[in-house]
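Colleague: File name entry_26.txt; file contents compact mmCIF, N, CA and C atoms; full text below.
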# COMPACT_ATOMS: atom_id res chain seq x y z
N MET A 163 -86.77 -124.98 53.59
CA MET A 163 -87.73 -124.79 52.51
C MET A 163 -86.94 -124.58 51.22
N GLU A 164 -87.35 -125.27 50.19
CA GLU A 164 -86.68 -125.08 48.90
C GLU A 164 -87.62 -124.37 47.95
N ALA A 165 -87.04 -123.74 46.95
CA ALA A 165 -87.84 -123.02 45.96
C ALA A 165 -88.61 -124.03 45.13
N LYS A 166 -89.93 -123.95 45.18
CA LYS A 166 -90.76 -124.84 44.37
C LYS A 166 -91.68 -124.06 43.46
N GLY A 167 -91.52 -122.77 43.47
CA GLY A 167 -92.38 -121.91 42.67
C GLY A 167 -93.47 -121.32 43.54
N ILE A 168 -93.69 -120.05 43.36
CA ILE A 168 -94.66 -119.36 44.21
C ILE A 168 -96.07 -119.91 44.00
N GLY A 169 -96.39 -120.31 42.76
CA GLY A 169 -97.72 -120.83 42.48
C GLY A 169 -98.01 -122.10 43.25
N ALA A 170 -97.07 -123.04 43.24
CA ALA A 170 -97.25 -124.30 43.97
C ALA A 170 -97.32 -124.04 45.47
N PHE A 171 -96.50 -123.10 45.95
CA PHE A 171 -96.50 -122.77 47.37
C PHE A 171 -97.85 -122.19 47.80
N VAL A 172 -98.36 -121.23 47.03
CA VAL A 172 -99.64 -120.60 47.36
C VAL A 172 -100.75 -121.63 47.30
N ARG A 173 -100.78 -122.47 46.27
CA ARG A 173 -101.82 -123.49 46.13
C ARG A 173 -101.78 -124.46 47.32
N GLU A 174 -100.57 -124.89 47.71
CA GLU A 174 -100.42 -125.82 48.83
C GLU A 174 -100.94 -125.20 50.13
N LYS A 175 -100.54 -123.96 50.40
CA LYS A 175 -100.99 -123.30 51.63
C LYS A 175 -102.50 -123.07 51.61
N ARG A 176 -103.03 -122.68 50.46
CA ARG A 176 -104.47 -122.45 50.33
C ARG A 176 -105.23 -123.75 50.57
N ASN A 177 -104.75 -124.83 49.96
CA ASN A 177 -105.39 -126.14 50.16
C ASN A 177 -105.30 -126.60 51.61
N ASP A 178 -104.16 -126.33 52.26
CA ASP A 178 -104.01 -126.68 53.68
C ASP A 178 -105.09 -126.01 54.53
N LEU A 179 -105.48 -124.80 54.12
CA LEU A 179 -106.52 -124.07 54.85
C LEU A 179 -107.92 -124.47 54.42
N GLY A 180 -108.02 -125.29 53.38
CA GLY A 180 -109.32 -125.72 52.89
C GLY A 180 -110.07 -124.64 52.13
N TRP A 181 -109.33 -123.71 51.54
CA TRP A 181 -109.93 -122.57 50.85
C TRP A 181 -109.98 -122.80 49.35
N THR A 182 -110.95 -122.14 48.73
CA THR A 182 -110.98 -122.05 47.27
C THR A 182 -110.13 -120.86 46.86
N GLN A 183 -109.88 -120.75 45.57
CA GLN A 183 -109.17 -119.57 45.08
C GLN A 183 -109.98 -118.31 45.38
N ALA A 184 -111.29 -118.41 45.29
CA ALA A 184 -112.15 -117.25 45.56
C ALA A 184 -112.04 -116.81 47.02
N THR A 185 -111.93 -117.77 47.92
CA THR A 185 -111.79 -117.44 49.34
C THR A 185 -110.48 -116.71 49.59
N LEU A 186 -109.39 -117.24 49.04
CA LEU A 186 -108.10 -116.58 49.19
C LEU A 186 -108.14 -115.18 48.58
N ALA A 187 -108.72 -115.07 47.40
CA ALA A 187 -108.80 -113.76 46.74
C ALA A 187 -109.54 -112.76 47.61
N ASP A 188 -110.64 -113.20 48.19
CA ASP A 188 -111.43 -112.31 49.05
C ASP A 188 -110.64 -111.89 50.29
N ARG A 189 -110.00 -112.84 50.93
CA ARG A 189 -109.26 -112.54 52.16
C ARG A 189 -108.00 -111.72 51.90
N ALA A 190 -107.44 -111.87 50.70
CA ALA A 190 -106.22 -111.12 50.37
C ALA A 190 -106.52 -109.79 49.69
N GLY A 191 -107.76 -109.62 49.23
CA GLY A 191 -108.09 -108.39 48.51
C GLY A 191 -107.45 -108.36 47.13
N VAL A 192 -107.37 -109.54 46.50
CA VAL A 192 -106.76 -109.69 45.19
C VAL A 192 -107.80 -110.38 44.30
N GLU A 193 -107.84 -110.06 43.03
CA GLU A 193 -108.81 -110.69 42.13
C GLU A 193 -108.55 -112.19 42.02
N ARG A 194 -109.65 -112.97 41.94
CA ARG A 194 -109.52 -114.41 41.84
C ARG A 194 -108.73 -114.81 40.60
N ALA A 195 -108.91 -114.10 39.51
CA ALA A 195 -108.17 -114.39 38.28
C ALA A 195 -106.66 -114.27 38.51
N ARG A 196 -106.26 -113.31 39.34
CA ARG A 196 -104.83 -113.13 39.64
C ARG A 196 -104.31 -114.32 40.44
N ILE A 197 -105.10 -114.81 41.40
CA ILE A 197 -104.71 -115.99 42.17
C ILE A 197 -104.54 -117.18 41.22
N ALA A 198 -105.47 -117.35 40.28
CA ALA A 198 -105.39 -118.44 39.31
C ALA A 198 -104.13 -118.30 38.45
N GLN A 199 -103.79 -117.08 38.04
CA GLN A 199 -102.59 -116.86 37.24
C GLN A 199 -101.33 -117.22 38.03
N ILE A 200 -101.30 -116.85 39.30
CA ILE A 200 -100.14 -117.15 40.16
C ILE A 200 -100.02 -118.65 40.34
N GLU A 201 -101.11 -119.30 40.74
CA GLU A 201 -101.08 -120.74 40.99
C GLU A 201 -100.80 -121.53 39.72
N GLY A 202 -101.25 -121.01 38.58
CA GLY A 202 -101.04 -121.70 37.31
C GLY A 202 -99.67 -121.46 36.70
N GLY A 203 -98.87 -120.61 37.34
CA GLY A 203 -97.52 -120.36 36.86
C GLY A 203 -97.43 -119.32 35.75
N ARG A 204 -98.56 -118.69 35.42
CA ARG A 204 -98.52 -117.66 34.38
C ARG A 204 -97.94 -116.36 34.93
N VAL A 205 -98.02 -116.19 36.25
CA VAL A 205 -97.37 -115.07 36.94
C VAL A 205 -96.41 -115.70 37.93
N THR A 206 -95.11 -115.55 37.67
CA THR A 206 -94.11 -116.22 38.52
C THR A 206 -93.62 -115.36 39.67
N LEU A 207 -93.81 -114.05 39.56
CA LEU A 207 -93.44 -113.17 40.66
C LEU A 207 -94.42 -111.98 40.68
N PRO A 208 -95.51 -112.14 41.44
CA PRO A 208 -96.48 -111.05 41.54
C PRO A 208 -95.83 -109.82 42.17
N GLY A 209 -96.45 -108.68 41.99
CA GLY A 209 -95.95 -107.45 42.60
C GLY A 209 -95.91 -107.54 44.12
N ALA A 210 -95.11 -106.69 44.72
CA ALA A 210 -94.89 -106.73 46.17
C ALA A 210 -96.19 -106.59 46.95
N GLU A 211 -97.08 -105.70 46.53
CA GLU A 211 -98.33 -105.50 47.29
C GLU A 211 -99.19 -106.77 47.26
N HIS A 212 -99.28 -107.40 46.11
CA HIS A 212 -100.04 -108.66 46.03
C HIS A 212 -99.38 -109.74 46.87
N ARG A 213 -98.05 -109.82 46.82
CA ARG A 213 -97.34 -110.83 47.63
C ARG A 213 -97.62 -110.62 49.11
N ARG A 214 -97.54 -109.38 49.55
CA ARG A 214 -97.78 -109.10 50.97
C ARG A 214 -99.21 -109.46 51.38
N ARG A 215 -100.17 -109.11 50.55
CA ARG A 215 -101.57 -109.41 50.86
C ARG A 215 -101.82 -110.92 50.91
N ILE A 216 -101.26 -111.62 49.93
CA ILE A 216 -101.43 -113.08 49.89
C ILE A 216 -100.74 -113.73 51.08
N ALA A 217 -99.54 -113.30 51.40
CA ALA A 217 -98.81 -113.85 52.55
C ALA A 217 -99.61 -113.65 53.83
N THR A 218 -100.12 -112.45 54.03
CA THR A 218 -100.90 -112.16 55.25
C THR A 218 -102.13 -113.05 55.31
N ALA A 219 -102.85 -113.17 54.21
CA ALA A 219 -104.05 -114.00 54.20
C ALA A 219 -103.73 -115.46 54.51
N LEU A 220 -102.61 -115.95 53.98
CA LEU A 220 -102.23 -117.35 54.19
C LEU A 220 -101.55 -117.59 55.55
N GLY A 221 -101.19 -116.51 56.24
CA GLY A 221 -100.53 -116.66 57.54
C GLY A 221 -99.07 -117.04 57.41
N VAL A 222 -98.44 -116.61 56.31
CA VAL A 222 -97.01 -116.87 56.12
C VAL A 222 -96.30 -115.53 55.94
N SER A 223 -94.99 -115.57 55.95
CA SER A 223 -94.25 -114.32 55.79
C SER A 223 -94.02 -114.01 54.31
N HIS A 224 -93.80 -112.76 54.04
CA HIS A 224 -93.45 -112.32 52.68
C HIS A 224 -92.16 -113.02 52.25
N LEU A 225 -91.24 -113.19 53.18
CA LEU A 225 -89.98 -113.89 52.86
C LEU A 225 -90.23 -115.31 52.39
N GLU A 226 -91.19 -116.00 53.00
CA GLU A 226 -91.49 -117.37 52.57
C GLU A 226 -91.94 -117.40 51.11
N LEU A 227 -92.73 -116.40 50.71
CA LEU A 227 -93.14 -116.33 49.31
C LEU A 227 -91.95 -116.09 48.39
N LEU A 228 -91.05 -115.21 48.82
CA LEU A 228 -89.86 -114.92 48.00
C LEU A 228 -88.95 -116.14 47.89
N ILE A 229 -88.85 -116.91 48.95
CA ILE A 229 -88.05 -118.14 48.91
C ILE A 229 -88.72 -119.14 47.96
N ALA A 230 -90.03 -119.30 48.07
CA ALA A 230 -90.76 -120.22 47.19
C ALA A 230 -90.60 -119.82 45.73
N ALA A 231 -90.56 -118.51 45.47
CA ALA A 231 -90.41 -118.02 44.10
C ALA A 231 -88.98 -118.14 43.60
N GLY A 232 -88.03 -118.46 44.49
CA GLY A 232 -86.63 -118.56 44.09
C GLY A 232 -85.94 -117.21 44.01
N GLU A 233 -86.55 -116.18 44.56
CA GLU A 233 -85.98 -114.84 44.51
C GLU A 233 -84.95 -114.60 45.61
N ILE A 234 -85.02 -115.40 46.66
CA ILE A 234 -84.09 -115.29 47.78
C ILE A 234 -83.94 -116.69 48.35
N THR A 235 -82.78 -116.99 48.92
CA THR A 235 -82.55 -118.32 49.49
C THR A 235 -82.61 -118.24 51.01
N GLU A 236 -82.77 -119.39 51.61
CA GLU A 236 -82.75 -119.43 53.08
C GLU A 236 -81.39 -118.97 53.60
N ALA A 237 -80.33 -119.30 52.88
CA ALA A 237 -78.99 -118.86 53.29
C ALA A 237 -78.90 -117.34 53.31
N GLU A 238 -79.52 -116.68 52.32
CA GLU A 238 -79.52 -115.22 52.29
C GLU A 238 -80.34 -114.64 53.45
N VAL A 239 -81.42 -115.33 53.80
CA VAL A 239 -82.24 -114.89 54.93
C VAL A 239 -81.42 -115.00 56.22
N THR A 240 -80.71 -116.12 56.36
CA THR A 240 -79.86 -116.32 57.53
C THR A 240 -78.77 -115.27 57.59
N GLN A 241 -78.14 -115.03 56.47
CA GLN A 241 -77.06 -114.03 56.41
C GLN A 241 -77.57 -112.64 56.78
N ALA A 242 -78.82 -112.35 56.43
CA ALA A 242 -79.40 -111.04 56.75
C ALA A 242 -79.88 -110.96 58.20
N GLY A 243 -79.83 -112.10 58.90
CA GLY A 243 -80.24 -112.10 60.30
C GLY A 243 -81.73 -112.16 60.52
N ALA A 244 -82.47 -112.64 59.52
CA ALA A 244 -83.93 -112.69 59.64
C ALA A 244 -84.44 -114.12 59.76
N VAL A 245 -83.61 -115.02 60.29
CA VAL A 245 -83.95 -116.43 60.35
C VAL A 245 -85.26 -116.72 61.06
N GLY A 246 -85.56 -116.11 62.17
CA GLY A 246 -86.77 -116.41 62.93
C GLY A 246 -88.06 -116.13 62.17
N VAL A 247 -87.97 -115.35 61.12
CA VAL A 247 -89.16 -114.98 60.36
C VAL A 247 -89.72 -116.16 59.59
N ILE A 248 -88.88 -117.12 59.22
CA ILE A 248 -89.37 -118.23 58.40
C ILE A 248 -89.43 -119.55 59.14
N GLU A 249 -89.03 -119.60 60.38
CA GLU A 249 -89.07 -120.85 61.12
C GLU A 249 -90.50 -121.17 61.53
N HIS A 250 -90.86 -122.45 61.45
CA HIS A 250 -92.18 -122.90 61.85
C HIS A 250 -92.03 -124.26 62.50
N ASP A 251 -92.53 -124.39 63.72
CA ASP A 251 -92.49 -125.66 64.44
C ASP A 251 -93.85 -126.32 64.31
N PRO A 252 -93.98 -127.38 63.48
CA PRO A 252 -95.28 -127.99 63.27
C PRO A 252 -95.88 -128.64 64.52
N ASP A 253 -95.05 -128.87 65.54
CA ASP A 253 -95.54 -129.47 66.78
C ASP A 253 -96.05 -128.43 67.78
N ASP A 254 -95.85 -127.15 67.48
CA ASP A 254 -96.27 -126.08 68.38
C ASP A 254 -97.66 -125.60 67.97
N PRO A 255 -98.69 -125.87 68.78
CA PRO A 255 -100.04 -125.45 68.40
C PRO A 255 -100.19 -123.93 68.34
N THR A 256 -99.28 -123.20 68.94
CA THR A 256 -99.33 -121.74 68.90
C THR A 256 -99.21 -121.25 67.47
N ASP A 257 -98.30 -121.85 66.69
CA ASP A 257 -98.12 -121.45 65.29
C ASP A 257 -99.42 -121.64 64.51
N ASP A 258 -100.07 -122.79 64.72
CA ASP A 258 -101.32 -123.06 64.01
C ASP A 258 -102.40 -122.07 64.41
N LEU A 259 -102.48 -121.75 65.69
CA LEU A 259 -103.48 -120.80 66.16
C LEU A 259 -103.24 -119.41 65.57
N VAL A 260 -101.99 -119.00 65.54
CA VAL A 260 -101.66 -117.69 64.95
C VAL A 260 -102.05 -117.66 63.48
N GLN A 261 -101.77 -118.73 62.75
CA GLN A 261 -102.15 -118.78 61.33
C GLN A 261 -103.66 -118.71 61.17
N MET A 262 -104.39 -119.41 62.02
CA MET A 262 -105.85 -119.39 61.92
C MET A 262 -106.40 -117.99 62.20
N VAL A 263 -105.88 -117.33 63.22
CA VAL A 263 -106.35 -115.98 63.55
C VAL A 263 -106.02 -115.01 62.43
N ARG A 264 -104.82 -115.12 61.86
CA ARG A 264 -104.44 -114.24 60.75
C ARG A 264 -105.32 -114.45 59.52
N ALA A 265 -105.82 -115.67 59.36
CA ALA A 265 -106.61 -115.99 58.17
C ALA A 265 -108.05 -115.49 58.24
N ILE A 266 -108.50 -115.07 59.40
CA ILE A 266 -109.88 -114.59 59.53
C ILE A 266 -110.04 -113.25 58.85
N ASN A 267 -111.08 -113.12 58.08
CA ASN A 267 -111.41 -111.85 57.43
C ASN A 267 -112.18 -111.02 58.46
N TRP A 268 -111.46 -110.22 59.23
CA TRP A 268 -112.05 -109.49 60.35
C TRP A 268 -113.08 -108.47 59.89
N ARG A 269 -112.90 -107.90 58.71
CA ARG A 269 -113.87 -106.92 58.23
C ARG A 269 -115.20 -107.58 57.94
N ALA A 270 -115.18 -108.81 57.44
CA ALA A 270 -116.41 -109.52 57.11
C ALA A 270 -117.03 -110.18 58.34
N GLN A 271 -116.25 -110.36 59.40
CA GLN A 271 -116.72 -111.02 60.62
C GLN A 271 -116.44 -110.18 61.85
N PRO A 272 -116.99 -108.96 61.94
CA PRO A 272 -116.66 -108.09 63.08
C PRO A 272 -117.05 -108.69 64.43
N GLU A 273 -118.07 -109.54 64.45
CA GLU A 273 -118.46 -110.15 65.72
C GLU A 273 -117.38 -111.11 66.23
N TRP A 274 -116.62 -111.70 65.31
CA TRP A 274 -115.53 -112.58 65.72
C TRP A 274 -114.44 -111.77 66.41
N ALA A 275 -114.17 -110.57 65.88
CA ALA A 275 -113.15 -109.71 66.48
C ALA A 275 -113.54 -109.37 67.91
N GLU A 276 -114.82 -109.05 68.13
CA GLU A 276 -115.27 -108.72 69.48
C GLU A 276 -115.16 -109.94 70.39
N GLY A 277 -115.52 -111.11 69.87
CA GLY A 277 -115.42 -112.34 70.66
C GLY A 277 -113.98 -112.66 71.02
N LEU A 278 -113.08 -112.46 70.07
CA LEU A 278 -111.67 -112.73 70.34
C LEU A 278 -111.12 -111.75 71.37
N LYS A 279 -111.50 -110.48 71.27
CA LYS A 279 -111.06 -109.49 72.26
C LYS A 279 -111.54 -109.88 73.66
N ALA A 280 -112.80 -110.32 73.74
CA ALA A 280 -113.34 -110.74 75.04
C ALA A 280 -112.59 -111.94 75.59
N LEU A 281 -112.32 -112.92 74.72
CA LEU A 281 -111.58 -114.10 75.14
C LEU A 281 -110.18 -113.73 75.61
N MET A 282 -109.50 -112.85 74.88
CA MET A 282 -108.16 -112.43 75.27
C MET A 282 -108.18 -111.73 76.62
N GLY A 283 -109.19 -110.91 76.85
CA GLY A 283 -109.32 -110.24 78.14
C GLY A 283 -109.49 -111.23 79.27
N ARG A 284 -110.33 -112.25 79.04
CA ARG A 284 -110.53 -113.27 80.08
C ARG A 284 -109.25 -114.04 80.33
N LEU A 285 -108.53 -114.39 79.25
CA LEU A 285 -107.27 -115.13 79.42
C LEU A 285 -106.25 -114.30 80.18
N ARG A 286 -106.16 -113.02 79.85
CA ARG A 286 -105.23 -112.15 80.58
C ARG A 286 -105.60 -112.06 82.05
N GLY A 287 -106.88 -111.97 82.31
CA GLY A 287 -107.35 -111.91 83.70
C GLY A 287 -107.03 -113.19 84.44
N ASP A 288 -107.25 -114.34 83.77
CA ASP A 288 -106.98 -115.63 84.40
C ASP A 288 -105.49 -115.79 84.66
N GLN A 289 -104.64 -115.33 83.72
CA GLN A 289 -103.20 -115.44 83.91
C GLN A 289 -102.73 -114.56 85.05
N ALA A 290 -103.36 -113.41 85.24
CA ALA A 290 -102.96 -112.51 86.31
C ALA A 290 -103.27 -113.10 87.67
N LYS A 291 -104.32 -113.97 87.75
CA LYS A 291 -104.73 -114.55 89.02
C LYS A 291 -103.87 -115.72 89.43
N THR A 292 -103.15 -116.35 88.45
CA THR A 292 -102.36 -117.54 88.79
C THR A 292 -101.00 -117.18 89.29
Starting from the file, give its structure as structure tokens.
Modeller:
Amino acid sequence: MEAKGIGAFVREKRNDLGWTQATLADRAGVERARIAQIEGGRVTLPGAEHRRRIATALGVSHLELLIAAGEITEAEVTQAGAVGVIEHDPDDPTDDLVQMVRAINWRAQPEWAEGLKALMGRLRGDQAKT
């Protein structure tokens, strides 16, 4: 991953999810105007709390945002021993599923949380029987 600017990175990830700026703002708990400022390049390095919230909502790591912003390089991540945090295998459906689950606004959809818990219980039960 190369530094392309945090705004372009956030916009690309948001578009990949099919979200509007308002959707991302709601899921991240950040004002929509702030998302517009970030994506428009008027804010090149949002505060740490906003970065963490946006990263969580988008299903990416905080480190990925810092790399996109040019604040840290992949080489520095490797040197620090945190390489696995930014790796993504596009052929592994597990990564996509994890991103989708992370993107759900669980507070707004509590019935989804209950459904997911039930599904996980059934899957665990099925795995124990095999």
Colleague: Interatomic distance between atom CA of Ala217 of chain A and atom CA of Leu285 of chain A?
Modeller: 28.2 Å
Colleague: How many Å lie between atom CA of Arg176 of chain A and atom CA of Leu220 of chain A, rounded to one decimal?
Modeller: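 Those two atoms sit 6.8 Å apart.
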Colleague: Quick one: residues within 12 Å of Ile200 of chain A, only C-alpha atoms, excluding same-chain residues fewer than 3 positions away - as a PyMOL selection string?
Modeller: chain A and resi 167-173+183+187+192-197+203-209+212-213+216+227+231
Colleague: Just how far from atom CA of Val263 of chain A is atom CA of Leu278 of chain A, in Å to one decimal?
Modeller: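 Interatomic distance, atom CA of Leu278 of chain A to atom CA of Val263 of chain A: 9.2 Å.
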Colleague: Determine, counting only C-alpha atoms, which protein, DNA and RNA residues have an atom within 12 Å of an atom of Arg269 of chain A; residues of the same chain fewer than 4 positions away are not included. Present the result as a CSV table (one decimal) with N, CA and C atoms, in the frame of the given file.
Modeller:
chain,number,residue,atom,x,y,z
A,188,ASP,N,-110.6,-113.2,48.2
A,188,ASP,CA,-111.4,-112.3,49.0
A,188,ASP,C,-110.6,-111.9,50.3
A,189,ARG,N,-110.0,-112.8,50.9
A,189,ARG,CA,-109.3,-112.5,52.2
A,189,ARG,C,-108.0,-111.7,51.9
A,190,ALA,N,-107.4,-111.9,50.7
A,190,ALA,CA,-106.2,-111.1,50.4
A,190,ALA,C,-106.5,-109.8,49.7
A,191,GLY,N,-107.8,-109.6,49.2
A,191,GLY,CA,-108.1,-108.4,48.5
A,191,GLY,C,-107.4,-108.4,47.1
A,265,ALA,N,-105.8,-115.7,59.4
A,265,ALA,CA,-106.6,-116.0,58.2
A,265,ALA,C,-108.0,-115.5,58.2
A,273,GLU,N,-118.1,-109.5,64.4
A,273,GLU,CA,-118.5,-110.2,65.7
A,273,GLU,C,-117.4,-111.1,66.2
A,274,TRP,N,-116.6,-111.7,65.3
A,274,TRP,CA,-115.5,-112.6,65.7
A,274,TRP,C,-114.4,-111.8,66.4
A,275,ALA,N,-114.2,-110.6,65.9
A,275,ALA,CA,-113.2,-109.7,66.5
A,275,ALA,C,-113.5,-109.4,67.9
A,276,GLU,N,-114.8,-109.0,68.1
A,276,GLU,CA,-115.3,-108.7,69.5
A,276,GLU,C,-115.2,-109.9,70.4
Colleague: Which residue gives the smallest distance to Ala184 of chain A among A:Ile229, A:Ala198, A:Glu211, A:Lys279, with only N, CA and C atoms counted?
Modeller: A:Ala198
Colleague: Could you pull segment 203-248 of chain A out of the block above and give me C-alpha atoms, as a PDB file, in the first residue's frame?
Modeller:
ATOM      1  CA  GLY A 203      -8.373  16.960   1.665  1.00  0.00           C
ATOM      2  CA  ARG A 204      -9.147  19.925   3.911  1.00  0.00           C
ATOM      3  CA  VAL A 205      -8.213  17.746   6.900  1.00  0.00           C
ATOM      4  CA  THR A 206      -5.111  15.718   6.060  1.00  0.00           C
ATOM      5  CA  LEU A 207      -4.618  14.065   9.433  1.00  0.00           C
ATOM      6  CA  PRO A 208      -7.717  13.819  11.633  1.00  0.00           C
ATOM      7  CA  GLY A 209      -7.275  13.322  15.362  1.00  0.00           C
ATOM      8  CA  ALA A 210      -6.530   9.846  16.676  1.00  0.00           C
ATOM      9  CA  GLU A 211     -10.047   9.245  18.032  1.00  0.00           C
ATOM     10  CA  HIS A 212     -11.655  10.106  14.694  1.00  0.00           C
ATOM     11  CA  ARG A 213      -9.111   7.946  12.845  1.00  0.00           C
ATOM     12  CA  ARG A 214      -9.834   4.983  15.101  1.00  0.00           C
ATOM     13  CA  ARG A 215     -13.602   5.371  14.729  1.00  0.00           C
ATOM     14  CA  ILE A 216     -13.387   5.708  10.955  1.00  0.00           C
ATOM     15  CA  ALA A 217     -11.014   2.738  10.662  1.00  0.00           C
ATOM     16  CA  THR A 218     -13.324   0.549  12.751  1.00  0.00           C
ATOM     17  CA  ALA A 219     -16.378   1.547  10.731  1.00  0.00           C
ATOM     18  CA  LEU A 220     -14.570   0.837   7.443  1.00  0.00           C
ATOM     19  CA  GLY A 221     -13.172  -2.479   8.704  1.00  0.00           C
ATOM     20  CA  VAL A 222      -9.535  -1.426   8.295  1.00  0.00           C
ATOM     21  CA  SER A 223      -6.749  -0.917  10.789  1.00  0.00           C
ATOM     22  CA  HIS A 224      -5.678   2.395  12.253  1.00  0.00           C
ATOM     23  CA  LEU A 225      -2.244   1.658  10.782  1.00  0.00           C
ATOM     24  CA  GLU A 226      -3.732   1.499   7.284  1.00  0.00           C
ATOM     25  CA  LEU A 227      -5.091   5.020   7.746  1.00  0.00           C
ATOM     26  CA  LEU A 228      -1.699   6.252   8.959  1.00  0.00           C
ATOM     27  CA  ILE A 229       0.012   4.672   5.953  1.00  0.00           C
ATOM     28  CA  ALA A 230      -2.543   6.246   3.593  1.00  0.00           C
ATOM     29  CA  ALA A 231      -1.917   9.614   5.255  1.00  0.00           C
ATOM     30  CA  GLY A 232       1.845   9.208   4.760  1.00  0.00           C
ATOM     31  CA  GLU A 233       2.467   9.356   8.505  1.00  0.00           C
ATOM     32  CA  ILE A 234       4.068   5.910   8.624  1.00  0.00           C
ATOM     33  CA  THR A 235       5.436   3.591   5.941  1.00  0.00           C
ATOM     34  CA  GLU A 236       4.926  -0.100   5.431  1.00  0.00           C
ATOM     35  CA  ALA A 237       8.655  -0.541   6.074  1.00  0.00           C
ATOM     36  CA  GLU A 238       8.223   1.096   9.489  1.00  0.00           C
ATOM     37  CA  VAL A 239       5.288  -1.216  10.222  1.00  0.00           C
ATOM     38  CA  THR A 240       7.421  -4.212   9.265  1.00  0.00           C
ATOM     39  CA  GLN A 241      10.320  -2.969  11.370  1.00  0.00           C
ATOM     40  CA  ALA A 242       7.967  -2.604  14.352  1.00  0.00           C
ATOM     41  CA  GLY A 243       6.820  -6.202  13.885  1.00  0.00           C
ATOM     42  CA  ALA A 244       3.193  -5.322  13.147  1.00  0.00           C
ATOM     43  CA  VAL A 245       3.103  -6.641   9.580  1.00  0.00           C
ATOM     44  CA  GLY A 246       0.064  -8.929   9.994  1.00  0.00           C
ATOM     45  CA  VAL A 247      -2.084  -5.963  10.954  1.00  0.00           C
ATOM     46  CA  ILE A 248      -2.129  -4.554   7.426  1.00  0.00           C
TER      47      ILE A 248
END
